[in-house]
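Dumped run35.cif below, it's mmCIF, C-alpha atoms:
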data_structure
loop_
_atom_site.group_PDB
_atom_site.id
_atom_site.type_symbol
_atom_site.label_atom_id
_atom_site.label_comp_id
_atom_site.auth_asym_id
_atom_site.auth_seq_id
_atom_site.Cartn_x
_atom_site.Cartn_y
_atom_site.Cartn_z
ATOM 1 C CA MET Q 3 -8.429 -13.199 -6.181
ATOM 2 C CA ILE Q 4 -5.114 -12.061 -4.694
ATOM 3 C CA MET Q 5 -5.025 -11.680 -0.920
ATOM 4 C CA ARG Q 6 -2.426 -10.545 1.600
ATOM 5 C CA GLY Q 7 -1.774 -12.885 4.498
ATOM 6 C CA ASP Q 8 0.325 -12.936 7.648
ATOM 7 C CA PHE Q 9 0.468 -16.340 9.326
ATOM 8 C CA HIS Q 10 2.626 -15.561 12.354
ATOM 9 C CA MET Q 11 1.772 -13.083 15.109
ATOM 10 C CA HIS Q 12 1.293 -13.060 18.879
ATOM 11 C CA SER Q 13 -1.365 -11.662 21.180
ATOM 12 C CA THR Q 14 -1.845 -11.189 24.912
ATOM 13 C CA VAL Q 15 -2.706 -14.882 25.078
ATOM 14 C CA SER Q 16 1.060 -15.462 25.067
ATOM 15 C CA ASP Q 17 3.652 -12.687 24.797
ATOM 16 C CA GLY Q 18 2.142 -10.110 22.461
ATOM 17 C CA ARG Q 19 1.109 -6.592 23.431
ATOM 18 C CA ALA Q 20 -2.237 -6.502 21.586
ATOM 19 C CA THR Q 21 -5.326 -8.585 22.209
ATOM 20 C CA PRO Q 22 -6.516 -10.968 19.465
ATOM 21 C CA CYS Q 23 -9.344 -8.530 18.670
ATOM 22 C CA GLN Q 24 -6.917 -5.616 18.359
ATOM 23 C CA LEU Q 25 -4.780 -7.677 15.982
ATOM 24 C CA VAL Q 26 -7.832 -8.268 13.781
ATOM 25 C CA ASP Q 27 -8.629 -4.550 13.698
ATOM 26 C CA THR Q 28 -5.034 -3.602 12.911
ATOM 27 C CA ALA Q 29 -4.721 -6.286 10.229
ATOM 28 C CA VAL Q 30 -7.839 -5.009 8.456
ATOM 29 C CA ARG Q 31 -6.577 -1.440 8.676
ATOM 30 C CA VAL Q 32 -3.216 -2.259 7.032
ATOM 31 C CA GLY Q 33 -4.836 -4.249 4.219
ATOM 32 C CA LEU Q 34 -4.401 -7.869 5.276
ATOM 33 C CA SER Q 35 -7.058 -10.318 4.074
ATOM 34 C CA VAL Q 36 -5.876 -13.423 5.937
ATOM 35 C CA ILE Q 37 -4.186 -13.822 9.319
ATOM 36 C CA SER Q 38 -3.379 -16.465 11.878
ATOM 37 C CA VAL Q 39 -2.810 -15.508 15.508
ATOM 38 C CA THR Q 40 -0.165 -18.052 16.450
ATOM 39 C CA ASP Q 41 0.369 -17.754 20.167
ATOM 40 C CA HIS Q 42 2.946 -20.017 21.770
ATOM 41 C CA ASN Q 43 1.588 -23.515 22.311
ATOM 42 C CA SER Q 44 -1.997 -22.277 22.153
ATOM 43 C CA PHE Q 45 -4.764 -21.982 19.564
ATOM 44 C CA LYS Q 46 -6.738 -19.722 21.906
ATOM 45 C CA GLY Q 47 -5.681 -16.411 20.362
ATOM 46 C CA SER Q 48 -6.739 -17.465 16.882
ATOM 47 C CA VAL Q 49 -10.060 -18.835 18.162
ATOM 48 C CA ILE Q 50 -10.842 -15.507 19.857
ATOM 49 C CA ALA Q 51 -9.766 -13.564 16.761
ATOM 50 C CA ARG Q 52 -11.891 -15.718 14.455
ATOM 51 C CA ARG Q 53 -14.976 -15.362 16.653
ATOM 52 C CA TYR Q 54 -14.488 -11.593 16.891
ATOM 53 C CA ALA Q 55 -14.028 -11.229 13.126
ATOM 54 C CA ARG Q 56 -17.220 -13.182 12.453
ATOM 55 C CA LEU Q 57 -19.328 -11.380 15.046
ATOM 56 C CA ARG Q 58 -18.193 -7.947 13.880
ATOM 57 C CA GLY Q 59 -18.353 -8.797 10.167
ATOM 58 C CA LYS Q 60 -14.689 -8.012 9.587
ATOM 59 C CA PRO Q 61 -13.489 -8.562 5.982
ATOM 60 C CA ILE Q 62 -10.752 -10.977 6.975
ATOM 61 C CA THR Q 63 -10.169 -14.729 7.136
ATOM 62 C CA VAL Q 64 -8.689 -16.041 10.386
ATOM 63 C CA ILE Q 65 -6.811 -19.338 10.203
ATOM 64 C CA THR Q 66 -6.696 -21.388 13.405
ATOM 65 C CA GLY Q 67 -3.014 -21.363 14.315
ATOM 66 C CA ASN Q 68 -0.417 -22.091 16.962
ATOM 67 C CA GLU Q 69 3.350 -21.700 17.216
ATOM 68 C CA VAL Q 70 4.308 -25.010 18.766
ATOM 69 C CA ARG Q 71 7.613 -25.354 20.571
ATOM 70 C CA SER Q 72 8.474 -28.870 19.453
ATOM 71 C CA ASP Q 73 11.375 -30.943 20.709
ATOM 72 C CA LYS Q 74 13.371 -29.728 17.679
ATOM 73 C CA GLY Q 75 12.286 -26.081 17.694
ATOM 74 C CA ASP Q 76 9.407 -23.811 16.740
ATOM 75 C CA VAL Q 77 6.907 -24.660 13.998
ATOM 76 C CA LEU Q 78 3.650 -23.034 12.927
ATOM 77 C CA VAL Q 79 0.613 -25.315 12.829
ATOM 78 C CA LEU Q 80 -2.182 -23.893 10.639
ATOM 79 C CA CYS Q 81 -5.550 -25.659 10.721
ATOM 80 C CA ARG Q 82 -9.275 -25.431 10.058
ATOM 81 C CA ASP Q 83 -10.051 -26.017 13.721
ATOM 82 C CA VAL Q 84 -8.275 -26.667 17.002
ATOM 83 C CA VAL Q 85 -6.404 -29.977 17.123
ATOM 84 C CA GLU Q 86 -4.245 -31.704 19.695
ATOM 85 C CA VAL Q 87 -0.634 -32.108 18.581
ATOM 86 C CA PRO Q 88 2.337 -33.695 20.387
ATOM 87 C CA VAL Q 89 5.599 -31.860 20.957
ATOM 88 C CA GLU Q 90 7.776 -34.502 19.279
ATOM 89 C CA LEU Q 91 8.299 -33.121 15.787
ATOM 90 C CA GLY Q 92 7.813 -36.333 13.796
ATOM 91 C CA PRO Q 93 4.509 -37.316 15.440
ATOM 92 C CA LEU Q 94 3.469 -33.640 15.381
ATOM 93 C CA VAL Q 95 3.826 -33.455 11.593
ATOM 94 C CA ASP Q 96 1.990 -36.753 11.118
ATOM 95 C CA ARG Q 97 -0.850 -35.772 13.446
ATOM 96 C CA ALA Q 98 -1.231 -32.335 11.873
ATOM 97 C CA HIS Q 99 -1.376 -33.799 8.372
ATOM 98 C CA ASP Q 100 -3.939 -36.362 9.478
ATOM 99 C CA GLU Q 101 -6.117 -33.437 10.606
ATOM 100 C CA GLY Q 102 -5.641 -31.490 7.375
ATOM 101 C CA CYS Q 103 -3.304 -28.938 8.953
ATOM 102 C CA LEU Q 104 -0.156 -27.391 7.552
ATOM 103 C CA VAL Q 105 3.172 -27.430 9.379
ATOM 104 C CA VAL Q 106 5.611 -24.611 8.620
ATOM 105 C CA PRO Q 107 9.017 -24.133 10.280
ATOM 106 C CA ALA Q 108 9.081 -20.693 11.925
ATOM 107 C CA HIS Q 109 12.315 -18.671 11.523
ATOM 108 C CA PRO Q 110 14.116 -22.031 11.033
ATOM 109 C CA TYR Q 111 17.666 -20.669 10.998
ATOM 110 C CA ASP Q 112 17.281 -18.101 13.757
ATOM 111 C CA LEU Q 113 18.661 -20.496 16.337
ATOM 112 C CA SER Q 114 18.618 -17.873 19.112
ATOM 113 C CA ARG Q 115 14.837 -17.931 18.717
ATOM 114 C CA LEU Q 116 14.648 -21.738 18.648
ATOM 115 C CA GLY Q 117 14.396 -22.358 14.925
ATOM 116 C CA ILE Q 118 14.685 -25.997 13.870
ATOM 117 C CA GLY Q 119 17.738 -25.479 11.650
ATOM 118 C CA ASP Q 120 18.594 -28.273 9.246
ATOM 119 C CA TYR Q 121 15.664 -30.339 10.481
ATOM 120 C CA VAL Q 122 13.832 -28.549 7.662
ATOM 121 C CA TYR Q 123 15.349 -31.240 5.448
ATOM 122 C CA ARG Q 124 14.277 -34.170 7.622
ATOM 123 C CA TYR Q 125 10.468 -33.854 7.763
ATOM 124 C CA PRO Q 126 7.685 -33.404 5.167
ATOM 125 C CA PHE Q 127 6.803 -29.770 5.777
ATOM 126 C CA ASP Q 128 4.220 -27.917 3.716
ATOM 127 C CA ALA Q 129 6.028 -24.581 3.391
ATOM 128 C CA ILE Q 130 8.856 -22.651 5.027
ATOM 129 C CA GLU Q 131 8.793 -19.221 6.605
ATOM 130 C CA VAL Q 132 11.429 -17.681 4.352
ATOM 131 C CA PHE Q 133 11.114 -14.175 5.755
ATOM 132 C CA ASN Q 134 10.431 -13.363 9.376
ATOM 133 C CA ALA Q 135 10.393 -9.634 10.123
ATOM 134 C CA SER Q 136 11.817 -10.275 13.583
ATOM 135 C CA ALA Q 137 14.649 -12.606 12.501
ATOM 136 C CA GLU Q 138 18.207 -11.853 11.472
ATOM 137 C CA PRO Q 139 18.785 -11.253 7.721
ATOM 138 C CA MET Q 140 21.216 -14.175 7.433
ATOM 139 C CA ALA Q 141 18.674 -16.485 9.063
ATOM 140 C CA ASN Q 142 16.049 -15.424 6.518
ATOM 141 C CA ARG Q 143 18.491 -15.921 3.670
ATOM 142 C CA ARG Q 144 19.237 -19.491 4.754
ATOM 143 C CA ALA Q 145 15.508 -20.207 5.134
ATOM 144 C CA LEU Q 146 14.919 -19.010 1.564
ATOM 145 C CA GLU Q 147 17.766 -21.197 0.304
ATOM 146 C CA ALA Q 148 16.230 -24.221 2.051
ATOM 147 C CA ALA Q 149 12.808 -23.567 0.519
ATOM 148 C CA LEU Q 150 14.337 -23.317 -2.957
ATOM 149 C CA ARG Q 151 16.345 -26.510 -2.502
ATOM 150 C CA LEU Q 152 13.301 -28.384 -1.233
ATOM 151 C CA GLY Q 153 10.900 -26.891 -3.758
ATOM 152 C CA LEU Q 154 8.586 -25.747 -0.968
ATOM 153 C CA PRO Q 155 6.392 -22.622 -0.912
ATOM 154 C CA GLY Q 156 7.801 -19.669 1.004
ATOM 155 C CA LEU Q 157 5.848 -17.518 3.439
ATOM 156 C CA ALA Q 158 6.692 -14.027 4.674
ATOM 157 C CA ASP Q 159 5.378 -13.178 8.136
ATOM 158 C CA THR Q 160 5.939 -10.480 10.722
ATOM 159 C CA ASP Q 161 6.048 -12.615 13.891
ATOM 160 C CA ALA Q 162 4.533 -9.451 15.339
ATOM 161 C CA HIS Q 163 4.552 -9.067 19.108
ATOM 162 C CA ILE Q 164 3.448 -5.443 18.679
ATOM 163 C CA PRO Q 165 0.569 -4.538 16.342
ATOM 164 C CA GLU Q 166 2.546 -1.761 14.640
ATOM 165 C CA LEU Q 167 4.639 -4.405 12.885
ATOM 166 C CA LEU Q 168 1.682 -5.792 10.938
ATOM 167 C CA GLY Q 169 1.983 -5.015 7.239
ATOM 168 C CA ALA Q 170 5.788 -4.982 7.282
ATOM 169 C CA ALA Q 171 5.774 -8.407 5.617
ATOM 170 C CA TYR Q 172 3.036 -10.498 4.071
ATOM 171 C CA THR Q 173 2.349 -13.363 1.715
ATOM 172 C CA LEU Q 174 0.376 -12.897 -1.484
ATOM 173 C CA ILE Q 175 -2.164 -15.709 -1.828
ATOM 174 C CA SER Q 176 -3.950 -16.601 -5.040
ATOM 175 C CA GLY Q 177 -7.368 -18.172 -4.474
ATOM 176 C CA ASP Q 178 -10.599 -17.793 -2.555
ATOM 177 C CA SER Q 179 -10.911 -16.514 0.984
ATOM 178 C CA SER Q 180 -12.255 -19.609 2.760
ATOM 179 C CA VAL Q 181 -9.974 -21.293 5.277
ATOM 180 C CA ASP Q 182 -9.802 -24.483 3.215
ATOM 181 C CA ASP Q 183 -8.943 -22.578 0.040
ATOM 182 C CA VAL Q 184 -6.202 -20.581 1.763
ATOM 183 C CA LEU Q 185 -4.620 -23.726 3.198
ATOM 184 C CA GLU Q 186 -4.821 -25.406 -0.210
ATOM 185 C CA ALA Q 187 -3.251 -22.376 -1.909
ATOM 186 C CA ILE Q 188 -0.252 -22.709 0.409
ATOM 187 C CA ARG Q 189 -0.003 -26.450 -0.230
ATOM 188 C CA LYS Q 190 -0.079 -25.891 -3.987
ATOM 189 C CA GLY Q 191 2.438 -23.045 -3.883
ATOM 190 C CA ARG Q 192 0.014 -20.342 -5.016
ATOM 191 C CA VAL Q 193 1.783 -17.903 -2.719
ATOM 192 C CA LYS Q 194 4.490 -15.271 -2.991
ATOM 193 C CA PRO Q 195 6.413 -13.802 -0.025
ATOM 194 C CA VAL Q 196 6.729 -10.010 0.100
ATOM 195 C CA TRP Q 197 8.791 -8.012 2.568
ATOM 196 C CA ARG Q 198 10.483 -4.687 3.082
ATOM 197 C CA ARG Q 199 13.238 -3.379 5.291
ATOM 198 C CA ILE Q 200 12.032 -2.684 8.830
ATOM 199 C CA GLY Q 201 12.570 0.926 9.900
ATOM 200 C CA LEU Q 202 14.530 1.877 13.001
ATOM 201 C CA SER Q 203 11.441 3.137 14.810
ATOM 202 C CA LEU Q 204 9.748 -0.258 14.496
ATOM 203 C CA ILE Q 205 12.882 -2.057 15.638
ATOM 204 C CA LEU Q 206 13.082 0.187 18.705
ATOM 205 C CA ARG Q 207 9.382 -0.334 19.491
ATOM 206 C CA ARG Q 208 9.833 -4.092 19.200
ATOM 207 C CA TYR Q 209 12.798 -4.082 21.585
ATOM 208 C CA ALA Q 210 11.000 -1.722 23.976
ATOM 209 C CA TRP Q 211 8.097 -4.171 24.214
ATOM 210 C CA SER Q 212 10.508 -7.055 24.756
ATOM 211 C CA ILE Q 213 12.100 -5.208 27.686
ATOM 212 C CA GLU Q 214 8.729 -4.149 29.105
ATOM 213 C CA ARG Q 215 7.428 -7.710 28.863
ATOM 214 C CA ARG Q 216 10.441 -9.075 30.753
ATOM 215 C CA LEU Q 217 10.083 -6.430 33.452
ATOM 216 C CA ARG Q 218 6.397 -7.282 33.839
ATOM 217 C CA LYS Q 219 7.284 -10.942 34.135
ATOM 218 C CA LEU Q 220 9.856 -10.192 36.839
ATOM 219 C CA ALA Q 221 7.368 -8.005 38.709
ATOM 220 C CA SER Q 222 4.728 -10.714 38.476
ATOM 221 C CA SER Q 223 7.183 -13.283 39.810
ATOM 222 C CA GLY Q 224 8.002 -10.954 42.690
ATOM 223 C CA ARG Q 225 4.332 -10.548 43.573
ATOM 224 C CA ARG Q 226 3.850 -14.310 43.556
ATOM 225 C CA GLU Q 227 6.825 -14.724 45.917
ATOM 226 C CA ASP Q 228 5.310 -12.104 48.260
ATOM 227 C CA VAL Q 229 1.996 -13.969 48.257
ATOM 228 C CA ASP Q 230 3.789 -17.243 48.997
ATOM 229 C CA ASN Q 231 5.737 -15.650 51.853
ATOM 230 C CA VAL Q 232 2.540 -14.246 53.365
ATOM 231 C CA SER Q 233 0.906 -17.636 53.087
ATOM 232 C CA ILE Q 234 3.881 -19.341 54.767
ATOM 233 C CA THR Q 235 3.891 -16.795 57.624
ATOM 234 C CA LYS Q 236 0.122 -17.037 58.057
ATOM 235 C CA HIS Q 237 0.244 -20.789 58.466
ATOM 236 C CA GLY Q 238 3.236 -20.664 60.795
ATOM 237 C CA VAL Q 239 5.510 -22.713 58.580
#

For the file at hand, write its structure as structure tokens.
Amino acid sequence: MIMRGDFHMHSTVSDGRATPCQLVDTAVRVGLSVISVTDHNSFKGSVIARRYARLRGKPITVITGNEVRSDKGDVLVLCRDVVEVPVELGPLVDRAHDEGCLVVPAHPYDLSRLGIGDYVYRYPFDAIEVFNASAEPMANRRALEAALRLGLPGLADTDAHIPELLGAAYTLISGDSSVDDVLEAIRKGRVKPVWRRIGLSLILRRYAWSIERRLRKLASSGRREDVDNVSITKHGV
């Protein structure tokens, strides 16, 4: 069986616009068979998505995932279940492998987005994200070159922070649809990255959400400062 997978996306658990449940619905609609909701430093989004997919009988496999900001940069951790991982990259890789997880550098050469760069050559990764729909073309090209040099499987993901981006890139997976089989297919290289050029409208929507998210964050910070000021005045400090 050939499936379409996207192993890198974000929900409202971190900095995405859609909820984990909305990501599941959108993924099914655009023809994805496997996803991982990889919120920043949290497995929560993928846990919610997996529970929702099971309860609603959605025809999709949800991998427990997390985009961990390690001390060297961002990596995807894809697992059967939630695990505790350190932020130091070496111990992180060892711990993840002990738990049967995969570790995949995310946008490794997009250094403005905290890719790990040439550390791809220093640790025993399981695959490399060779195409990230939100990364610069040169960064993707260097990631593909690294995967070829290392003989590692390549994944294509959207890194979607807006649901409309889902389907713009995906990885073809050969195997069965269980979580264990999907993870094993990646390990064994039974995957093929597929991507297309992102249209201007999607690029503009992505940037619009980025601006809106920052404005919301500033507004939230302002409200917190107001609350703190009220509290200080109330207590006569």

Running the PyMOL selection byres ((chain Q and resi 190-193) around 10) on this model by hand, what would come out? Give it as a PDB file with C-alpha atoms, keeping the file's coordinate frame.
ATOM      1  CA  ILE Q   4      -5.114 -12.061  -4.694  1.00  0.00           C
ATOM      2  CA  MET Q   5      -5.025 -11.680  -0.920  1.00  0.00           C
ATOM      3  CA  ARG Q   6      -2.426 -10.545   1.600  1.00  0.00           C
ATOM      4  CA  GLY Q   7      -1.774 -12.885   4.498  1.00  0.00           C
ATOM      5  CA  ASP Q 128       4.220 -27.917   3.716  1.00  0.00           C
ATOM      6  CA  ALA Q 129       6.028 -24.581   3.391  1.00  0.00           C
ATOM      7  CA  GLY Q 153      10.900 -26.891  -3.758  1.00  0.00           C
ATOM      8  CA  LEU Q 154       8.586 -25.747  -0.968  1.00  0.00           C
ATOM      9  CA  PRO Q 155       6.392 -22.622  -0.912  1.00  0.00           C
ATOM     10  CA  GLY Q 156       7.801 -19.669   1.004  1.00  0.00           C
ATOM     11  CA  LEU Q 157       5.848 -17.518   3.439  1.00  0.00           C
ATOM     12  CA  ALA Q 158       6.692 -14.027   4.674  1.00  0.00           C
ATOM     13  CA  THR Q 173       2.349 -13.363   1.715  1.00  0.00           C
ATOM     14  CA  LEU Q 174       0.376 -12.897  -1.484  1.00  0.00           C
ATOM     15  CA  ILE Q 175      -2.164 -15.709  -1.828  1.00  0.00           C
ATOM     16  CA  SER Q 176      -3.950 -16.601  -5.040  1.00  0.00           C
ATOM     17  CA  GLY Q 177      -7.368 -18.172  -4.474  1.00  0.00           C
ATOM     18  CA  VAL Q 184      -6.202 -20.581   1.763  1.00  0.00           C
ATOM     19  CA  LEU Q 185      -4.620 -23.726   3.198  1.00  0.00           C
ATOM     20  CA  GLU Q 186      -4.821 -25.406  -0.210  1.00  0.00           C
ATOM     21  CA  ALA Q 187      -3.251 -22.376  -1.909  1.00  0.00           C
ATOM     22  CA  ILE Q 188      -0.252 -22.709   0.409  1.00  0.00           C
ATOM     23  CA  ARG Q 189      -0.003 -26.450  -0.230  1.00  0.00           C
ATOM     24  CA  LYS Q 194       4.490 -15.271  -2.991  1.00  0.00           C
ATOM     25  CA  PRO Q 195       6.413 -13.802  -0.025  1.00  0.00           C
ATOM     26  CA  VAL Q 196       6.729 -10.010   0.100  1.00  0.00           C
TER      27      VAL Q 196
END

Long-range neighbours of Phe127 in chain Q as number ranges by chain, 9 Å cut-off, all atoms listed in the file, 4 positions minimum in chain: Q: 95, 104-107, 122-123, 154

Using the chain letters and numbers from this file, what does the PyMOL selection byres ((chain Q and resi 26) around 9) select? Give the answer as a list in words.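 Applying the PyMOL selection byres ((chain Q and resi 26) around 9) to the structure shown produces Thr21, Pro22, Cys23, Gln24, Leu25, Asp27, Thr28, Ala29, Val30, Arg31, Ile37, Val39, Ala51, Arg52, Tyr54, Ala55, Lys60, Ile62 and Val64 of chain Q.
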
May I have the residues from that selection written out with C-alpha atoms, as a PDB file, in the frame of the given file?
ATOM      1  CA  THR Q  21      -5.326  -8.585  22.209  1.00  0.00           C
ATOM      2  CA  PRO Q  22      -6.516 -10.968  19.465  1.00  0.00           C
ATOM      3  CA  CYS Q  23      -9.344  -8.530  18.670  1.00  0.00           C
ATOM      4  CA  GLN Q  24      -6.917  -5.616  18.359  1.00  0.00           C
ATOM      5  CA  LEU Q  25      -4.780  -7.677  15.982  1.00  0.00           C
ATOM      6  CA  ASP Q  27      -8.629  -4.550  13.698  1.00  0.00           C
ATOM      7  CA  THR Q  28      -5.034  -3.602  12.911  1.00  0.00           C
ATOM      8  CA  ALA Q  29      -4.721  -6.286  10.229  1.00  0.00           C
ATOM      9  CA  VAL Q  30      -7.839  -5.009   8.456  1.00  0.00           C
ATOM     10  CA  ARG Q  31      -6.577  -1.440   8.676  1.00  0.00           C
ATOM     11  CA  ILE Q  37      -4.186 -13.822   9.319  1.00  0.00           C
ATOM     12  CA  VAL Q  39      -2.810 -15.508  15.508  1.00  0.00           C
ATOM     13  CA  ALA Q  51      -9.766 -13.564  16.761  1.00  0.00           C
ATOM     14  CA  ARG Q  52     -11.891 -15.718  14.455  1.00  0.00           C
ATOM     15  CA  TYR Q  54     -14.488 -11.593  16.891  1.00  0.00           C
ATOM     16  CA  ALA Q  55     -14.028 -11.229  13.126  1.00  0.00           C
ATOM     17  CA  LYS Q  60     -14.689  -8.012   9.587  1.00  0.00           C
ATOM     18  CA  ILE Q  62     -10.752 -10.977   6.975  1.00  0.00           C
ATOM     19  CA  VAL Q  64      -8.689 -16.041  10.386  1.00  0.00           C
TER      20      VAL Q  64
END

Would you work out the distance separating CA of Gly67 in chain Q from CA of Val181 in chain Q, expressed in Å to one decimal?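 These atoms are spaced 11.4 Å apart.
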
In Å, with one decimal, what is the gap from CA of Pro165 in chain Q to CA of Thr63 in chain Q? 17.4 Å

Let me know the residues the PyMOL selection byres ((chain Q and resi 108) around 8) catches in the file above, as a VMD selection string. chain Q and resid 69 76 to 78 106 to 107 109 to 110 117 to 118 130 to 131 134

Minimum-distance residue to Ser13 in chain Q, chosen among Q:Cys103, Q:Ile164, Q:Val87, Q:Ile200 (using only C-alpha atoms):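 Smallest separation from Ser13 in chain Q among the options: Q:Ile164.
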
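Nearest residue to Ala148 in chain Q among Q:Val85, Q:Val132, Q:Ile65, Q:Val32 is Q:Val132, counting all atoms listed in the file.
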